[in-house]
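Dropping upload-v7.cif in here (mmCIF, C-alpha atoms and all ligand atoms):
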data_target
loop_
_atom_site.label_atom_id
_atom_site.label_comp_id
_atom_site.auth_asym_id
_atom_site.auth_seq_id
_atom_site.Cartn_x
_atom_site.Cartn_y
_atom_site.Cartn_z
CA MET A 1476 1.51 21.40 16.31
CA ASP A 1477 2.80 18.01 17.37
CA LEU A 1478 5.94 17.80 19.43
CA TRP A 1479 7.88 14.59 19.41
CA LEU A 1480 10.59 13.40 21.76
CA VAL A 1481 13.44 11.09 21.10
CA GLY A 1482 14.90 9.13 24.01
CA THR A 1483 18.09 7.11 24.09
CA SER A 1484 18.32 3.51 25.17
CA SER A 1485 21.49 1.72 26.07
CA HIS A 1486 21.55 -0.48 22.98
CA GLY A 1487 22.23 2.09 20.30
CA ILE A 1488 18.55 2.28 19.52
CA LEU A 1489 16.62 5.52 19.80
CA THR A 1490 12.94 5.44 20.61
CA ILE A 1491 10.56 8.07 19.28
CA TRP A 1492 7.94 9.22 21.72
CA ARG A 1493 4.93 11.27 20.90
CA ASP A 1494 3.77 13.99 23.23
CA PHE A 1495 -0.04 13.83 23.36
CA ASP A 1496 -0.20 17.19 25.06
CA SER A 1497 1.21 18.65 21.84
CA VAL A 1498 1.85 22.08 23.31
CA GLY A 1499 4.42 21.18 25.93
CA GLY A 1500 4.48 19.50 29.28
CA PHE A 1501 5.54 16.12 27.93
CA ARG A 1502 2.98 14.36 30.07
CA GLU A 1503 1.91 11.29 28.15
CA PHE A 1504 4.10 9.45 25.76
CA GLU A 1505 3.62 6.63 23.34
CA ILE A 1506 6.40 4.72 21.65
CA LEU A 1507 6.02 5.20 17.93
CA ASP A 1508 9.12 3.96 16.23
CA GLN A 1509 12.62 2.88 16.84
CA PHE A 1510 15.56 3.95 14.82
CA ASN A 1511 19.16 3.05 14.55
CA THR A 1512 21.11 5.79 16.35
CA VAL A 1513 23.39 6.67 13.48
CA LEU A 1514 20.55 6.93 10.99
CA LEU A 1515 18.61 9.11 13.36
CA GLU A 1516 21.39 11.57 14.02
CA GLU A 1517 21.83 12.02 10.30
CA SER A 1518 18.12 12.41 9.70
CA PHE A 1519 16.62 14.79 12.20
CA SER A 1520 17.11 18.36 13.16
CA ILE A 1521 17.41 17.73 16.85
CA LEU A 1522 16.22 20.56 19.06
CA TYR A 1523 16.63 19.94 22.77
CA HIS A 1524 15.73 18.46 26.13
CA THR A 1525 17.37 16.81 29.06
CA THR A 1526 15.40 14.99 31.73
CA LYS A 1527 16.66 13.73 35.07
CA THR A 1528 16.73 10.14 33.95
CA GLN A 1529 17.93 10.27 30.39
CA LYS A 1530 19.10 12.61 27.74
CA THR A 1531 16.37 13.28 25.22
CA TRP A 1532 15.95 15.40 22.15
CA GLY A 1533 12.81 16.84 20.63
CA PHE A 1534 11.86 17.92 17.17
CA ARG A 1535 8.80 19.32 15.53
CA SER A 1536 6.90 17.00 13.28
CA ASP A 1537 5.60 19.80 11.09
CA SER A 1538 9.05 20.86 9.98
CA LEU A 1539 10.59 19.25 6.94
CA ILE A 1540 11.91 16.17 8.63
CA MET A 1541 12.29 12.98 6.69
CA SER A 1542 13.54 9.93 8.50
CA LYS A 1543 16.09 7.76 6.77
CA LEU A 1544 14.65 4.42 5.83
CA MET A 1545 15.71 1.12 7.36
CA PRO A 1546 17.41 -1.52 5.31
CA LEU A 1547 14.63 -3.35 3.43
CA PRO A 1548 13.94 -6.79 4.95
CA GLU A 1549 15.54 -9.34 2.63
CA ASP A 1550 12.35 -11.33 2.02
CA ILE A 1551 10.19 -8.33 1.06
CA PRO A 1552 11.11 -8.14 -2.67
CA PHE A 1553 10.33 -11.85 -3.09
CA PHE A 1554 7.06 -11.50 -1.16
CA LEU A 1555 5.89 -8.47 -3.17
CA ALA A 1556 7.09 -9.60 -6.60
CA PRO A 1557 3.81 -11.27 -7.74
CA PHE A 1558 1.93 -8.06 -6.96
CA LEU A 1559 4.21 -5.59 -8.70
CA PRO A 1560 4.09 -4.22 -12.23
CA THR A 1561 6.33 -5.97 -14.72
CA SER A 1562 7.68 -4.74 -18.03
CA SER A 1563 4.79 -6.49 -19.82
CA SER A 1564 2.16 -4.89 -17.57
CA SER A 1565 3.05 -1.56 -19.12
CA LEU A 1566 1.53 -2.94 -22.33
CA THR A 1567 -1.93 -3.13 -20.73
CA PRO A 1568 -4.10 -1.07 -23.02
CA LYS A 1569 -5.78 2.10 -21.88
CA ARG A 1570 -4.67 2.10 -18.27
CA PRO A 1571 -1.59 1.74 -16.10
CA PHE A 1572 -0.90 -1.19 -13.80
CA THR A 1573 -2.76 -0.05 -10.68
CA THR A 1574 -1.80 -0.89 -7.10
CA LEU A 1575 -4.10 0.13 -4.27
CA THR A 1576 -2.06 0.44 -1.08
CA TYR A 1577 -2.48 1.95 2.37
CA ALA A 1578 -1.85 1.39 6.08
CA GLN A 1579 -4.72 0.64 8.43
CA SER A 1580 -5.35 -0.05 12.10
CA LEU A 1581 -6.83 -3.24 13.51
CA ASP A 1582 -10.25 -1.57 13.41
CA SER A 1583 -9.84 -0.61 9.75
CA ARG A 1584 -9.11 3.09 10.28
CA ILE A 1585 -6.51 4.95 8.24
CA ALA A 1586 -6.40 8.07 10.45
CA ALA A 1587 -7.40 8.78 14.06
CA SER A 1588 -9.85 11.48 12.91
CA PRO A 1589 -10.45 13.40 9.68
CA GLY A 1590 -7.49 15.63 9.00
CA GLN A 1591 -5.27 14.16 11.71
CA ARG A 1592 -1.99 12.82 10.45
CA THR A 1593 -1.65 9.45 12.16
CA SER A 1594 1.26 7.08 12.46
CA ILE A 1595 0.12 3.48 11.95
CA SER A 1596 3.04 1.66 10.42
CA HIS A 1597 6.54 0.83 11.63
CA LEU A 1598 9.59 2.27 9.91
CA GLU A 1599 10.10 -1.19 8.44
CA THR A 1600 6.82 -1.09 6.47
CA LYS A 1601 7.31 2.60 5.66
CA THR A 1602 10.54 1.46 4.04
CA MET A 1603 8.50 -1.15 2.15
CA THR A 1604 6.19 1.61 0.90
CA HIS A 1605 9.16 3.51 -0.50
CA TYR A 1606 10.39 0.29 -2.12
CA LEU A 1607 6.92 -0.05 -3.70
CA ARG A 1608 7.15 3.53 -4.91
CA SER A 1609 10.44 2.70 -6.59
CA LYS A 1610 8.54 0.17 -8.72
CA HIS A 1611 5.85 2.57 -9.96
CA ASP A 1612 5.77 5.60 -12.27
CA GLY A 1613 3.18 7.56 -10.32
CA ILE A 1614 1.61 7.88 -6.88
CA LEU A 1615 -1.99 9.12 -6.65
CA ILE A 1616 -3.88 10.54 -3.68
CA GLY A 1617 -7.11 12.50 -3.25
CA SER A 1618 -7.60 16.14 -2.32
CA GLY A 1619 -8.74 15.11 1.19
CA THR A 1620 -5.38 13.51 1.88
CA VAL A 1621 -3.18 16.22 0.42
CA LEU A 1622 -5.09 18.87 2.39
CA ALA A 1623 -4.95 16.87 5.64
CA ASP A 1624 -1.43 15.49 5.51
CA ASP A 1625 0.73 17.77 3.35
CA PRO A 1626 2.63 14.65 2.24
CA GLY A 1627 6.06 14.47 0.59
CA LEU A 1628 5.01 11.96 -2.13
CA ASN A 1629 8.55 11.15 -3.18
CA CYS A 1630 10.55 7.93 -3.25
CA ARG A 1631 13.38 7.68 -0.74
CA TYR A 1632 14.29 4.08 -1.49
CA THR A 1633 17.49 3.83 -3.51
CA GLU A 1634 18.82 0.85 -5.42
CA ASN A 1635 22.58 0.72 -5.99
CA GLY A 1636 22.71 4.38 -5.00
CA GLU A 1637 20.18 5.30 -7.70
CA SER A 1638 17.04 7.16 -6.66
CA HIS A 1639 13.72 6.85 -8.48
CA GLY A 1640 11.61 9.84 -9.45
CA ILE A 1641 7.95 9.06 -8.93
CA ARG A 1642 5.30 11.45 -10.24
CA PRO A 1643 2.92 12.78 -7.55
CA ILE A 1644 -0.63 12.85 -8.92
CA ILE A 1645 -3.44 14.51 -6.99
CA LEU A 1646 -7.13 14.02 -7.69
CA ASP A 1647 -8.31 17.53 -6.90
CA PRO A 1648 -11.24 18.34 -9.18
CA SER A 1649 -11.82 21.85 -7.81
CA ILE A 1650 -8.15 22.78 -7.29
CA LYS A 1651 -8.51 23.21 -3.51
CA TRP A 1652 -4.88 22.36 -2.74
CA ASP A 1653 -2.12 24.96 -2.94
CA TYR A 1654 1.28 23.75 -4.13
CA LYS A 1655 2.82 27.02 -2.93
CA GLY A 1656 4.50 26.48 0.44
CA SER A 1657 3.71 22.76 0.54
CA LYS A 1658 6.15 20.08 1.68
CA LEU A 1659 6.11 18.79 -1.87
CA GLU A 1660 7.27 22.14 -3.20
CA GLN A 1661 10.12 22.19 -0.66
CA LEU A 1662 11.21 18.71 -1.74
CA VAL A 1663 11.09 19.67 -5.41
CA GLN A 1664 13.22 22.73 -4.66
CA LYS A 1665 15.76 20.47 -2.95
CA GLY A 1666 15.79 18.11 -5.95
CA GLU A 1667 14.14 15.36 -3.91
CA GLY A 1668 10.79 15.13 -5.68
CA LEU A 1669 8.98 15.83 -8.94
CA PRO A 1670 6.39 18.58 -9.45
CA PRO A 1671 2.86 17.18 -9.19
CA TRP A 1672 0.20 16.62 -11.77
CA ILE A 1673 -3.33 17.58 -10.75
CA ILE A 1674 -6.35 15.77 -12.12
CA THR A 1675 -9.27 18.18 -12.38
CA ARG A 1676 -12.63 18.14 -14.05
CA GLU A 1677 -12.78 19.76 -17.45
CA VAL A 1678 -14.40 23.14 -16.80
CA GLY A 1679 -14.05 26.59 -18.29
CA SER A 1680 -11.82 29.01 -16.39
CA ASP A 1681 -14.93 31.11 -15.60
CA GLU A 1682 -16.16 28.18 -13.47
CA LEU A 1683 -13.10 28.21 -11.21
CA SER A 1684 -12.74 30.49 -8.19
CA GLU A 1685 -10.17 33.28 -8.22
CA ALA A 1686 -8.11 31.37 -5.64
CA ALA A 1687 -8.20 28.17 -7.71
CA LEU A 1688 -7.06 30.07 -10.80
CA GLU A 1689 -4.14 31.55 -8.83
CA ARG A 1690 -3.15 28.10 -7.52
CA GLN A 1691 -3.34 26.73 -11.06
CA GLU A 1692 -1.19 29.51 -12.45
CA TYR A 1693 1.44 29.11 -9.73
CA LEU A 1694 1.80 25.37 -10.18
CA LYS A 1695 1.99 25.62 -13.97
CA LYS A 1696 4.79 28.19 -13.60
CA HIS A 1697 6.68 25.81 -11.32
CA GLY A 1698 6.69 22.71 -13.48
CA GLY A 1699 3.35 21.14 -12.54
CA LYS A 1700 0.68 20.04 -14.95
CA PHE A 1701 -3.12 19.84 -15.00
CA LEU A 1702 -4.84 16.84 -16.54
CA HIS A 1703 -8.47 17.49 -17.37
CA VAL A 1704 -11.05 14.72 -17.28
CA ILE A 1705 -14.70 15.09 -18.30
CA SER A 1706 -16.89 14.62 -15.23
CA GLN A 1707 -20.09 12.65 -14.90
CA LYS A 1708 -23.43 14.34 -14.23
CA ASP A 1709 -22.86 14.23 -10.45
CA GLY A 1710 -19.48 15.97 -10.87
CA THR A 1711 -17.37 12.90 -10.08
CA LEU A 1712 -14.75 11.49 -12.42
CA LYS A 1713 -14.91 7.91 -13.68
CA TRP A 1714 -11.87 5.94 -12.56
CA SER A 1715 -11.52 4.38 -16.00
CA ASP A 1716 -11.27 7.91 -17.47
CA VAL A 1717 -8.74 8.97 -14.82
CA LEU A 1718 -6.52 5.94 -15.45
CA ASN A 1719 -6.92 6.28 -19.20
CA LYS A 1720 -5.72 9.87 -18.96
CA LEU A 1721 -2.67 8.80 -16.96
CA SER A 1722 -1.88 6.16 -19.55
CA GLU A 1723 -2.06 8.79 -22.31
CA GLU A 1724 0.46 10.82 -20.31
CA GLY A 1725 2.92 7.91 -20.24
CA ILE A 1726 2.23 6.60 -16.72
CA ARG A 1727 2.61 2.81 -16.98
CA SER A 1728 2.09 2.02 -13.32
CA VAL A 1729 0.44 3.90 -10.49
CA MET A 1730 0.16 3.39 -6.74
CA ILE A 1731 -3.07 4.72 -5.31
CA GLU A 1732 -2.44 5.49 -1.64
CA GLY A 1733 -5.76 6.92 -0.46
CA GLY A 1734 -7.52 8.41 1.31
CA ALA A 1735 -10.66 6.75 2.53
CA LYS A 1736 -13.08 7.98 -0.10
CA ILE A 1737 -10.83 6.84 -2.92
CA ILE A 1738 -10.02 3.48 -1.32
CA ASN A 1739 -13.67 2.70 -0.53
CA ASP A 1740 -14.69 3.71 -4.03
CA LEU A 1741 -12.06 1.59 -5.75
CA LEU A 1742 -12.63 -1.43 -3.51
CA ALA A 1743 -16.36 -1.39 -4.14
CA ASN A 1744 -16.51 -0.64 -7.83
CA SER A 1745 -13.30 -1.19 -9.66
CA GLU A 1746 -12.05 -4.74 -9.50
CA GLU A 1747 -11.36 -4.59 -13.23
CA LEU A 1748 -9.22 -1.48 -12.70
CA VAL A 1749 -7.13 -2.51 -9.71
CA ASP A 1750 -4.37 -5.08 -10.29
CA SER A 1751 -3.01 -5.44 -6.75
CA VAL A 1752 -4.02 -4.53 -3.24
CA ILE A 1753 -1.28 -4.17 -0.61
CA ILE A 1754 -2.43 -3.33 2.91
CA THR A 1755 -0.19 -2.75 5.93
CA ILE A 1756 -1.88 -3.51 9.24
CA GLY A 1757 -0.47 -1.88 12.37
CA PRO A 1758 -1.20 -3.15 15.90
CA VAL A 1759 -3.37 -0.24 17.00
CA PHE A 1760 -7.09 0.43 17.39
CA LEU A 1761 -7.76 4.02 16.34
CA GLY A 1762 -11.34 4.09 17.58
CA SER A 1763 -14.74 4.95 16.22
CA GLN A 1764 -13.85 8.58 15.43
CA GLY A 1765 -11.22 7.33 12.99
CA VAL A 1766 -11.38 7.59 9.20
CA GLN A 1767 -12.73 4.22 8.14
CA VAL A 1768 -12.02 1.97 5.20
CA SER A 1769 -15.19 -0.01 4.61
CA PRO A 1770 -16.53 -0.32 1.09
CA SER A 1771 -20.29 -0.03 0.52
CA SER A 1772 -20.63 -3.76 -0.08
CA GLU A 1773 -18.72 -6.99 0.54
CA VAL A 1774 -15.39 -7.32 -1.23
CA ARG A 1775 -13.22 -10.45 -1.16
CA MET A 1776 -9.59 -10.76 -2.03
CA LYS A 1777 -8.03 -13.67 -3.88
CA ASP A 1778 -4.44 -14.85 -4.42
CA VAL A 1779 -3.77 -13.68 -0.89
CA ALA A 1780 -0.31 -13.63 0.73
CA TRP A 1781 0.72 -12.44 4.20
CA TRP A 1782 3.99 -11.13 5.58
CA SER A 1783 4.79 -10.25 9.20
CA GLY A 1784 7.61 -8.06 10.41
CA ILE A 1785 8.85 -6.43 13.61
CA GLN A 1786 5.49 -4.84 14.34
CA ASP A 1787 3.17 -4.86 11.31
CA SER A 1788 1.64 -7.41 8.99
CA VAL A 1789 1.14 -6.88 5.28
CA VAL A 1790 -1.56 -8.55 3.22
CA CYS A 1791 -1.38 -8.61 -0.57
CA GLY A 1792 -3.99 -9.86 -2.98
CA ARG A 1793 -6.18 -9.14 -5.97
CA LEU A 1794 -9.84 -8.16 -6.00
CA SER A 1795 -12.13 -11.04 -6.92
N1 LIG A 1801 -3.16 5.34 6.46
C1 LIG A 1801 -3.00 5.56 5.18
O1 LIG A 1801 -2.35 4.77 4.48
C2 LIG A 1801 -3.62 6.77 4.55
C3 LIG A 1801 -3.34 7.05 3.21
C4 LIG A 1801 -3.91 8.16 2.63
C5 LIG A 1801 -4.76 8.97 3.38
N2 LIG A 1801 -5.02 8.68 4.67
C6 LIG A 1801 -5.95 9.51 5.45
O2 LIG A 1801 -7.19 9.62 4.76
C7 LIG A 1801 -7.81 10.85 5.12
C8 LIG A 1801 -8.35 11.53 3.89
O3 LIG A 1801 -9.34 10.72 3.31
P1 LIG A 1801 -10.59 11.40 2.61
O4 LIG A 1801 -11.59 10.33 2.31
O5 LIG A 1801 -11.03 12.57 3.42
O6 LIG A 1801 -9.98 12.06 1.30
P2 LIG A 1801 -9.39 11.46 -0.08
O7 LIG A 1801 -9.96 10.13 -0.39
O8 LIG A 1801 -7.92 11.63 -0.06
O9 LIG A 1801 -9.92 12.55 -1.10
C9 LIG A 1801 -11.29 12.64 -1.34
C10 LIG A 1801 -11.52 13.73 -2.36
O10 LIG A 1801 -10.90 13.38 -3.61
C11 LIG A 1801 -11.73 13.78 -4.67
N3 LIG A 1801 -12.25 12.57 -5.31
C12 LIG A 1801 -12.20 11.30 -4.88
N4 LIG A 1801 -12.76 10.46 -5.76
C13 LIG A 1801 -13.20 11.23 -6.76
C14 LIG A 1801 -13.87 10.97 -7.99
N5 LIG A 1801 -14.21 9.73 -8.38
N6 LIG A 1801 -14.18 12.02 -8.78
C15 LIG A 1801 -13.83 13.29 -8.41
N7 LIG A 1801 -13.20 13.58 -7.27
C16 LIG A 1801 -12.88 12.58 -6.48
C17 LIG A 1801 -12.87 14.59 -4.06
O11 LIG A 1801 -12.38 15.90 -4.01
P3 LIG A 1801 -13.31 17.22 -3.91
O12 LIG A 1801 -14.02 17.13 -2.61
O13 LIG A 1801 -12.33 18.30 -3.98
O14 LIG A 1801 -14.25 17.16 -5.08
C18 LIG A 1801 -12.99 13.96 -2.68
O15 LIG A 1801 -13.60 14.77 -1.72
C19 LIG A 1801 -6.75 11.69 5.81
O16 LIG A 1801 -7.03 11.75 7.19
C20 LIG A 1801 -5.46 10.93 5.57
O17 LIG A 1801 -4.56 11.06 6.63
C21 LIG A 1801 -4.45 7.60 5.29
#
Show me this structure written as structure tokens.
Ligand SMILES: NC(=O)c1ccc[n+]([C@@H]2O[C@H](COP(=O)([O-])OP(=O)(O)OC[C@H]3O[C@@H](n4cnc5c(N)ncnc54)[C@H](OP(=O)(O)O)[C@@H]3O)[C@@H](O)[C@H]2O)c1
Amino acid sequence: MDLWLVGTSSHGILTIWRDFDSVGGFREFEILDQFNTVLLEESFSILYHTTKTQKTWGFRSDSLIMSKLMPLPEDIPFFLAPFLPTSSSSLTPKRPFTTLTYAQSLDSRIAASPGQRTSISHLETKTMTHYLRSKHDGILIGSGTVLADDPGLNCRYTENGESHGIRPIILDPSIKWDYKGSKLEQLVQKGEGLPPWIITREVGSDELSEAALERQEYLKKHGGKFLHVISQKDGTLKWSDVLNKLSEEGIRSVMIEGGAKIINDLLANSEELVDSVIITIGPVFLGSQGVQVSPSSEVRMKDVAWWSGIQDSVVCGRLS
């Protein structure tokens, strides 16, 4: 369990510190993010702690804590516009407008180790991600990510007070993930997210484990849906079939957010399926044990544009 500390500064800015020890002791800290004081007090369930030098508060990162977003930098919508779906892109036959997007370290890692939830991006670019979500119908991740991160998969960016419901879509061919008790389920119960759709391979119920059948039953009862796609001989699903299925279900635009297997696969093989690539780069090296994005062969981007913010840079482009 990670424990995080929040320390005050004198300028109305709170700094989030991460305790590497994770169990207690508060020995080593790393600045992760800075928040406006007012936003932070509204956003977190603050637990405790006073040190000799400054008043600090701690909170558990595994509880249902969602930080408020920052105001979106004014130039971001203009910067992203050429890479976003438009009303005419929804007319693309057979598949939705597809955006591949993720955050990576300077050494091309998207997590510090398999299964370790890792903060790479600044609140500013997290806000950008929620803005991106507000422009898409669906957000797709793989089973590896949902099992490792227990993500919220909702859209917290609001425009003129209006929130946008984005459909969480999980590529989980063997139904390994349990919706029951997940962060996503808690958000849905609070009216802050939509029940997920699960993409599975088309198999008879006798081919699924007892546990998978139970998970399937539970999710169906609670508003979720299963989309079945015929698998190839090796058991994998063709991306064109997956996207085609989403299109049939009315998804006109989808953000694919990872993880590594999915990103590497799409970068290497699917330039005709991916319309935009939007990568946030955070100023951190996560090291050789990290989960790496590196497609099996060379891939170049074209129509490239860069943006730099408080801490991160963002590169947008198309696959050539
Ligand atoms: N920094 C970021 O922006 C970011 C974003 C997302 C994730 N991540 C990190 O990425 C890591 C997870 O990456 P990962 O590579 O382990 O998992 P992943 O890419 O999320 O999921 C991989 C799994 O998805 C299924 N899958 C993928 N492609 C498929 C296909 N064509 N056909 C059928 N099934 C397919 C398979 O599931 P089965 O094994 O069940 O068959 C596969 O094992 C986590 O540590 C997470 O934190 C980082």
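Between A:Arg1570 and the residues A:Leu1718, A:Val1768, A:Leu1794, A:Leu1742, the shortest atom-to-atom distance, using only C-alpha atoms, involves A:Leu1718.
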(message) I want to know what sits within 12 Å of A:Ala1556, based on all atoms listed in the file, with residues of the same chain fewer than 3 positions away left out; could you give that as a PyMOL selection string?
(response) chain A and resi 1550-1553+1559-1561+1606-1607+1610+1751+1753+1780+1791-1792
(request) Give the residues close to ligand LIG 1801 (chain A), within 7 Å, counting all atoms listed in the file; write them as a PyMOL selection string. (result) chain A and resi 1577-1579+1585-1586+1588-1593+1595+1616-1621+1623-1624+1646-1651+1710-1714+1732-1738+1766
(message) Residues near stretch 1694-1702 of chain A, anyone? I mean within 10 Å using all atoms listed in the file, not counting same-chain ones fewer than 5 positions away, as a ChimeraX atom specification.
(response) /A:1643-1648,1650,1653-1655,1660,1663-1664,1669-1677,1689,1717,1720-1721,1724
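Straight-line separation from atom CA of A:Lys1601 to atom CA of A:Ser1562: 24.8 Å.
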(message) Between atom CA of A:Leu1598 and atom CA of A:Val1749, what is the distance in Å, rounded to a tenth?
(response) 26.2 Å
(message) At a cut-off of 7 Å, using only C-alpha atoms, what residues contact A:Arg1727? Leave out same-chain residues fewer than 4 positions from it and give the result as number ranges by chain.
(response) A: 1565, 1571-1572, 1612, 1722
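As for atom CA of A:Ser1594 and atom CA of A:Lys1658, they are spaced 17.6 Å apart.
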(request) Select, from A:Asn1629, A:Gln1661, A:Asn1719, A:Gln1764, the residue with the minimum atom-to-atom distance to A:His1703, counting only C-alpha atoms. (result) A:Asn1719
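Of the residues under consideration (A:Gln1691, A:Ser1563, A:Gln1707, A:Gln1786), A:Gln1786 shows the shortest atom-to-atom contact distance to A:Ile1756 when counting only C-alpha atoms.
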(request) Find the residues near A:Leu1659: any atom within 7 Å, counting all atoms listed in the file, skip ones fewer than 4 places away on the same chain, and give them as a VMD selection string. (result) chain A and resid 1626 to 1628 1663
Write out the residues from the selection above, keeping C-alpha atoms, as a PDB file, in the frame of the given file.
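Written file, selection09.pdb:
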ATOM      1  CA  PRO A1626       2.630  14.650   2.240  1.00  0.00           C
ATOM      2  CA  GLY A1627       6.060  14.470   0.590  1.00  0.00           C
ATOM      3  CA  LEU A1628       5.010  11.960  -2.130  1.00  0.00           C
ATOM      4  CA  VAL A1663      11.090  19.670  -5.410  1.00  0.00           C
TER       5      VAL A1663
END
